[in-house]
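Enquirer: Structure incoming, see below.
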Amino acid sequence: MTSQRRGIHLDQSELLCKKGCGFYGNTGWQSLCSKCWREENQREKQKQIQEDWALAERLQKEEEEAYASRHQKAQSQPTITPFSKFEERKTKEKSSKVNTVTKFFTPSTKTPSKKDAFEAQSSPSPSSSTSRHSSVDSDHATREFIDFLKPLKSGREIFKQCRAFTESMVYKRDMAADELSECVQDFYQNLSDRLHTQFKGSTEHVESVMDQVEKYMMTRLYKEVFCPETTDDEKKDLAIQKRIRALHWVTIEMLCVPVDEEIAEVSDRVVKAITDVIEMDSKCVPKEKLACITLCSKHIFNAIKITKKEAASADDFLPTLIYIVLKANPPRLQSNIQYITRFSNPSRLMTGEDGYYFTNLCCAVAFIEKLDGQSLNLSAEEFELYMSGQASPQRPQSTGASSCSPGSAALGQVHERLDLLAGLGERQEQVMEKARQLESDLIDWSDDVEQKVQSVLESFPPETQNPTATTASGTTPAASSAIDSDNVENEHLPPPLQPQVFAG
């Protein structure tokens, strides 16, 4: 049966924001970029607020009508209606939220008493910060951030704002993850706007400062915002890990991956790619996690290039990335993706190679979650048998025409030898089993023979012969003198020779 192999194809337009803004989308944001997602989110919140106000006004009107009918005589007496209280509370909440965000960007009216007051801010207060940020990574990130900001004219104020915001976020750990993300993204946006004004549009300088801001803040907030208890990230981690483990039987040929692992250099690139995507979980900063994904992707492109002896295409990259993820089964994969989505600098996910590779990783994970027999050119029955472990896929033969990668011929020979070794192993096991059975039969036979001999001996005990008494003349009877007296054949023997004395 010859079937045309169908590789995994993803149109590059599917990686972009569905709003058509040209930036990379994200599955966690309903295929929107961070900018469009924030706008959509704000629009939904504004719509919800308007609906709440409309409901409140309707309830207020009904309450006023009921109140007027019951208390017509007391209309002249001023009262505080429930809607007035509701309006007052909403006004306070709104002003409080605005003040919370804007206060970090308001220059302080206090002037430091000493010139080195900026350095003094880096030492944690013994009452609170020491207990919350005593880790070595946090202290090291703080020192690096201070050293980076020292040459900047507004470095002291930036540090104060970042430190104040970070400490305020520690007390918001019970908030929903989306709300935490919104707070951080609002801070990024406001600070970025101020820096663009200060540096007069120098994008590289602004991005450099924002990278350090992200590193400082996320190192300190990592334990509070990574896989928070208010989310189901941990449940998703276990689900994707179990899913990948169940797909251990998927071969490189099924995914049509153009990589020949028989080539030593290609095999080395594959191992490095697996190592990089696993190492992503050990990083605390979103940028560093993205760097691991980028390194993994570059190793994949190099492996494809070495195998095909030409530049890799996007259609080659995605199935190979899926294969690497299946081989690696990275720890806390969904938590890391969500962490990057929520707390990374949004501009980094919208453009550039980091955003491209991260979007492809999200697509690879989504593909693995929805993987079925049709995706692997298998029937539904075969797919279910392989998933349940009741059967294993047959290794493809090296026919050349039906292979997907240039190294399939060599791989086919390897699979043939592996199958041969597996057959020899089965035959050896059968021989050993028969040898063990033969040994058991010999032992049983020996025991049976011994029992039969013992039974015969017990049935026919040996006759006991008493020594015969001597005659009066001192001679033994003739019967006792004949050694072979019991032998019946003695009758046919000649008489014994008698000694004769010859006279000389």
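If you're wondering about the labels, chains in the structure tokens are A, B, ... by order shown, residues count from 1 in each chain, ligands from 1 in order shown.
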Could you give me, as number ranges by chain, each residue of region 237-402 of chain A that DSSP assigns to alpha helix (DSSP H) when run on this structure's backbone?
Expert: A: 237-246, 264-279, 286-308, 314-328, 333-343, 346-350, 352-369, 380-388
Enquirer: Just how far from CA of Asp260 (chain A) is CA of Lys272 (chain A), in Å to one decimal?
Expert: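 Taking CA of Lys272 (chain A) as the start and CA of Asp260 (chain A) as the end point, the length is 15.0 Å.
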Enquirer: Measuring atom to atom with only C-alpha atoms, identify which of A:Ala303, A:Leu371, A:Met210, A:Leu55 is nearest to Glu261 (chain A).
Expert: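 The shortest atom-to-atom distance to Glu261 (chain A) comes from A:Ala303.
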Enquirer: Using Å and a single decimal, report how far CA of Thr359 (chain A) sits from CA of Ala177 (chain A).
Expert: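 One can read the CA of Ala177 (chain A) to CA of Thr359 (chain A) distance as 20.7 Å.
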Enquirer: Show which residues sit within 8 Å of Thr219 (chain A), as a list in words. Count only C-alpha atoms, and ignore same-chain residues fewer than 6 positions away.
Expert: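 Once the adjacent positions are removed, what remains is Asp137, Ser138, Ala141, Cys284 and Val285 of chain A.
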Enquirer: Export, as a PDB file, in the first residue's frame, the selected residues with all heavy atoms.
Expert:
ATOM      1  N   ASP A 137      19.440  35.092  44.263  1.00  0.00           N
ATOM      2  CA  ASP A 137      19.087  35.613  42.937  1.00  0.00           C
ATOM      3  C   ASP A 137      18.475  37.000  43.029  1.00  0.00           C
ATOM      4  O   ASP A 137      18.786  37.884  42.218  1.00  0.00           O
ATOM      5  CB  ASP A 137      18.105  34.663  42.250  1.00  0.00           C
ATOM      6  CG  ASP A 137      18.754  33.346  41.875  1.00  0.00           C
ATOM      7  OD1 ASP A 137      19.995  33.315  41.812  1.00  0.00           O
ATOM      8  OD2 ASP A 137      18.028  32.363  41.666  1.00  0.00           O
ATOM      9  N   SER A 138      17.612  37.203  44.020  1.00  0.00           N
ATOM     10  CA  SER A 138      16.969  38.502  44.168  1.00  0.00           C
ATOM     11  C   SER A 138      17.979  39.586  44.523  1.00  0.00           C
ATOM     12  O   SER A 138      17.955  40.687  43.958  1.00  0.00           O
ATOM     13  CB  SER A 138      15.881  38.427  45.242  1.00  0.00           C
ATOM     14  OG  SER A 138      15.263  39.680  45.414  1.00  0.00           O
ATOM     15  N   ALA A 141      20.108  40.336  41.439  1.00  0.00           N
ATOM     16  CA  ALA A 141      19.367  41.128  40.455  1.00  0.00           C
ATOM     17  C   ALA A 141      19.244  42.583  40.898  1.00  0.00           C
ATOM     18  O   ALA A 141      19.327  43.505  40.069  1.00  0.00           O
ATOM     19  CB  ALA A 141      17.974  40.521  40.240  1.00  0.00           C
ATOM     20  N   CYS A 284      14.153  32.357  35.719  1.00  0.00           N
ATOM     21  CA  CYS A 284      13.126  33.130  36.433  1.00  0.00           C
ATOM     22  C   CYS A 284      12.577  34.293  35.621  1.00  0.00           C
ATOM     23  O   CYS A 284      11.440  34.722  35.854  1.00  0.00           O
ATOM     24  CB  CYS A 284      13.707  33.671  37.749  1.00  0.00           C
ATOM     25  SG  CYS A 284      14.164  32.396  38.940  1.00  0.00           S
ATOM     26  N   VAL A 285      13.352  34.811  34.700  1.00  0.00           N
ATOM     27  CA  VAL A 285      12.982  36.012  33.950  1.00  0.00           C
ATOM     28  C   VAL A 285      12.367  35.605  32.615  1.00  0.00           C
ATOM     29  O   VAL A 285      12.900  34.707  31.934  1.00  0.00           O
ATOM     30  CB  VAL A 285      14.213  36.909  33.721  1.00  0.00           C
ATOM     31  CG1 VAL A 285      13.820  38.202  33.024  1.00  0.00           C
ATOM     32  CG2 VAL A 285      14.908  37.199  35.039  1.00  0.00           C
TER      33      VAL A 285
END
Enquirer: To one decimal place, how far is CA of Leu349 (chain A) from CA of Leu152 (chain A) in Å?
Expert: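 Atom-to-atom, CA of Leu349 (chain A) to CA of Leu152 (chain A), that is 26.7 Å.
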Enquirer: Give the answer as one residue: which of A:Asp233, A:Glu265, A:Glu279, A:Asp315 has the shortest atom-to-atom distance to Asn302 (chain A), using only C-alpha atoms?
Expert: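 Distance minimum relative to Asn302 (chain A) lands on A:Glu265.
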Enquirer: Set the distance at 12 Å and use only C-alpha atoms: which residues neighbour Asp354 (chain A) once local chain neighbours fewer than 4 positions away are removed? I'd like the list as a list in words.
Expert: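 Those residues are Tyr24, Pro286, Lys287, Glu288, Lys289, Leu290, Ala291, Cys292, Ile293, Thr294, Leu295, Cys296, Ser297, Lys298, Ile340, Ser344, Asn345, Pro346, Ser347, Arg348, Leu349, Met350, Phe358, Thr359, Asn360 and Leu361 of chain A.
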Enquirer: Could you please take those selected residues and save N, CA, C and O atoms as an mmCIF file, in the first residue's frame?
Expert:
data_model
loop_
_atom_site.group_PDB
_atom_site.id
_atom_site.type_symbol
_atom_site.label_atom_id
_atom_site.label_comp_id
_atom_site.auth_asym_id
_atom_site.auth_seq_id
_atom_site.Cartn_x
_atom_site.Cartn_y
_atom_site.Cartn_z
ATOM 1 N N TYR A 24 2.681 39.347 16.059
ATOM 2 C CA TYR A 24 2.439 37.946 16.334
ATOM 3 C C TYR A 24 1.322 37.789 17.367
ATOM 4 O O TYR A 24 1.284 38.508 18.361
ATOM 5 N N PRO A 286 11.265 36.199 32.217
ATOM 6 C CA PRO A 286 10.649 35.845 30.929
ATOM 7 C C PRO A 286 11.616 35.951 29.754
ATOM 8 O O PRO A 286 11.586 35.096 28.860
ATOM 9 N N LYS A 287 12.461 36.972 29.753
ATOM 10 C CA LYS A 287 13.412 37.119 28.653
ATOM 11 C C LYS A 287 14.360 35.938 28.577
ATOM 12 O O LYS A 287 14.703 35.452 27.483
ATOM 13 N N GLU A 288 14.817 35.431 29.737
ATOM 14 C CA GLU A 288 15.728 34.293 29.758
ATOM 15 C C GLU A 288 15.025 33.014 29.325
ATOM 16 O O GLU A 288 15.629 32.158 28.666
ATOM 17 N N LYS A 289 13.764 32.873 29.674
ATOM 18 C CA LYS A 289 13.006 31.714 29.200
ATOM 19 C C LYS A 289 12.843 31.770 27.683
ATOM 20 O O LYS A 289 12.966 30.746 26.997
ATOM 21 N N LEU A 290 12.570 32.957 27.165
ATOM 22 C CA LEU A 290 12.466 33.116 25.718
ATOM 23 C C LEU A 290 13.796 32.836 25.026
ATOM 24 O O LEU A 290 13.827 32.292 23.911
ATOM 25 N N ALA A 291 14.897 33.199 25.680
ATOM 26 C CA ALA A 291 16.213 32.929 25.101
ATOM 27 C C ALA A 291 16.446 31.427 24.955
ATOM 28 O O ALA A 291 17.052 30.974 23.970
ATOM 29 N N CYS A 292 15.958 30.630 25.907
ATOM 30 C CA CYS A 292 16.088 29.171 25.799
ATOM 31 C C CYS A 292 15.289 28.650 24.611
ATOM 32 O O CYS A 292 15.756 27.769 23.874
ATOM 33 N N ILE A 293 14.097 29.194 24.410
ATOM 34 C CA ILE A 293 13.281 28.777 23.267
ATOM 35 C C ILE A 293 13.957 29.162 21.955
ATOM 36 O O ILE A 293 13.965 28.390 20.982
ATOM 37 N N THR A 294 14.552 30.348 21.919
ATOM 38 C CA THR A 294 15.237 30.799 20.705
ATOM 39 C C THR A 294 16.445 29.927 20.399
ATOM 40 O O THR A 294 16.666 29.535 19.238
ATOM 41 N N LEU A 295 17.244 29.585 21.416
ATOM 42 C CA LEU A 295 18.404 28.713 21.198
ATOM 43 C C LEU A 295 17.958 27.336 20.710
ATOM 44 O O LEU A 295 18.580 26.760 19.803
ATOM 45 N N CYS A 296 16.909 26.810 21.310
ATOM 46 C CA CYS A 296 16.370 25.519 20.873
ATOM 47 C C CYS A 296 15.975 25.574 19.403
ATOM 48 O O CYS A 296 16.304 24.670 18.617
ATOM 49 N N SER A 297 15.298 26.636 19.006
ATOM 50 C CA SER A 297 14.844 26.771 17.622
ATOM 51 C C SER A 297 16.007 26.900 16.654
ATOM 52 O O SER A 297 15.973 26.338 15.541
ATOM 53 N N LYS A 298 17.040 27.609 17.043
ATOM 54 C CA LYS A 298 18.207 27.753 16.162
ATOM 55 C C LYS A 298 18.930 26.420 15.978
ATOM 56 O O LYS A 298 19.424 26.120 14.880
ATOM 57 N N ILE A 340 5.329 33.510 30.639
ATOM 58 C CA ILE A 340 5.878 34.389 29.609
ATOM 59 C C ILE A 340 4.778 35.277 29.026
ATOM 60 O O ILE A 340 4.975 36.478 28.820
ATOM 61 N N SER A 344 5.889 38.945 30.397
ATOM 62 C CA SER A 344 6.986 39.377 29.534
ATOM 63 C C SER A 344 6.717 40.785 29.006
ATOM 64 O O SER A 344 5.567 41.238 28.931
ATOM 65 N N ASN A 345 7.795 41.457 28.660
ATOM 66 C CA ASN A 345 7.662 42.746 27.990
ATOM 67 C C ASN A 345 6.851 42.544 26.714
ATOM 68 O O ASN A 345 7.250 41.772 25.843
ATOM 69 N N PRO A 346 5.698 43.193 26.573
ATOM 70 C CA PRO A 346 4.800 42.871 25.450
ATOM 71 C C PRO A 346 5.422 43.070 24.083
ATOM 72 O O PRO A 346 5.121 42.331 23.153
ATOM 73 N N SER A 347 6.298 44.040 23.946
ATOM 74 C CA SER A 347 6.898 44.292 22.632
ATOM 75 C C SER A 347 7.765 43.126 22.180
ATOM 76 O O SER A 347 7.938 42.900 20.979
ATOM 77 N N ARG A 348 8.292 42.356 23.133
ATOM 78 C CA ARG A 348 9.152 41.237 22.780
ATOM 79 C C ARG A 348 8.356 40.083 22.175
ATOM 80 O O ARG A 348 8.884 39.307 21.381
ATOM 81 N N LEU A 349 7.106 39.941 22.560
ATOM 82 C CA LEU A 349 6.268 38.867 22.028
ATOM 83 C C LEU A 349 5.585 39.262 20.723
ATOM 84 O O LEU A 349 5.094 38.399 19.996
ATOM 85 N N MET A 350 5.548 40.564 20.440
ATOM 86 C CA MET A 350 4.832 41.030 19.260
ATOM 87 C C MET A 350 5.686 40.971 18.005
ATOM 88 O O MET A 350 5.160 40.763 16.898
ATOM 89 N N PHE A 358 8.451 31.809 19.974
ATOM 90 C CA PHE A 358 7.499 31.550 21.055
ATOM 91 C C PHE A 358 6.109 31.233 20.487
ATOM 92 O O PHE A 358 5.424 30.329 20.979
ATOM 93 N N THR A 359 5.705 31.944 19.457
ATOM 94 C CA THR A 359 4.416 31.669 18.820
ATOM 95 C C THR A 359 4.400 30.271 18.222
ATOM 96 O O THR A 359 3.396 29.552 18.313
ATOM 97 N N ASN A 360 5.507 29.851 17.631
ATOM 98 C CA ASN A 360 5.595 28.497 17.081
ATOM 99 C C ASN A 360 5.530 27.444 18.181
ATOM 100 O O ASN A 360 4.925 26.384 17.993
ATOM 101 N N LEU A 361 6.152 27.717 19.323
ATOM 102 C CA LEU A 361 6.077 26.779 20.441
ATOM 103 C C LEU A 361 4.638 26.629 20.921
ATOM 104 O O LEU A 361 4.183 25.507 21.214
#
Enquirer: Considering only C-alpha atoms, can you say which of A:Glu229, A:Glu157, A:Glu63, A:Asp448 comes closest to Arg194 (chain A)?
Expert: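 Using only C-alpha atoms, the shortest distance to Arg194 (chain A) belongs to A:Glu157.
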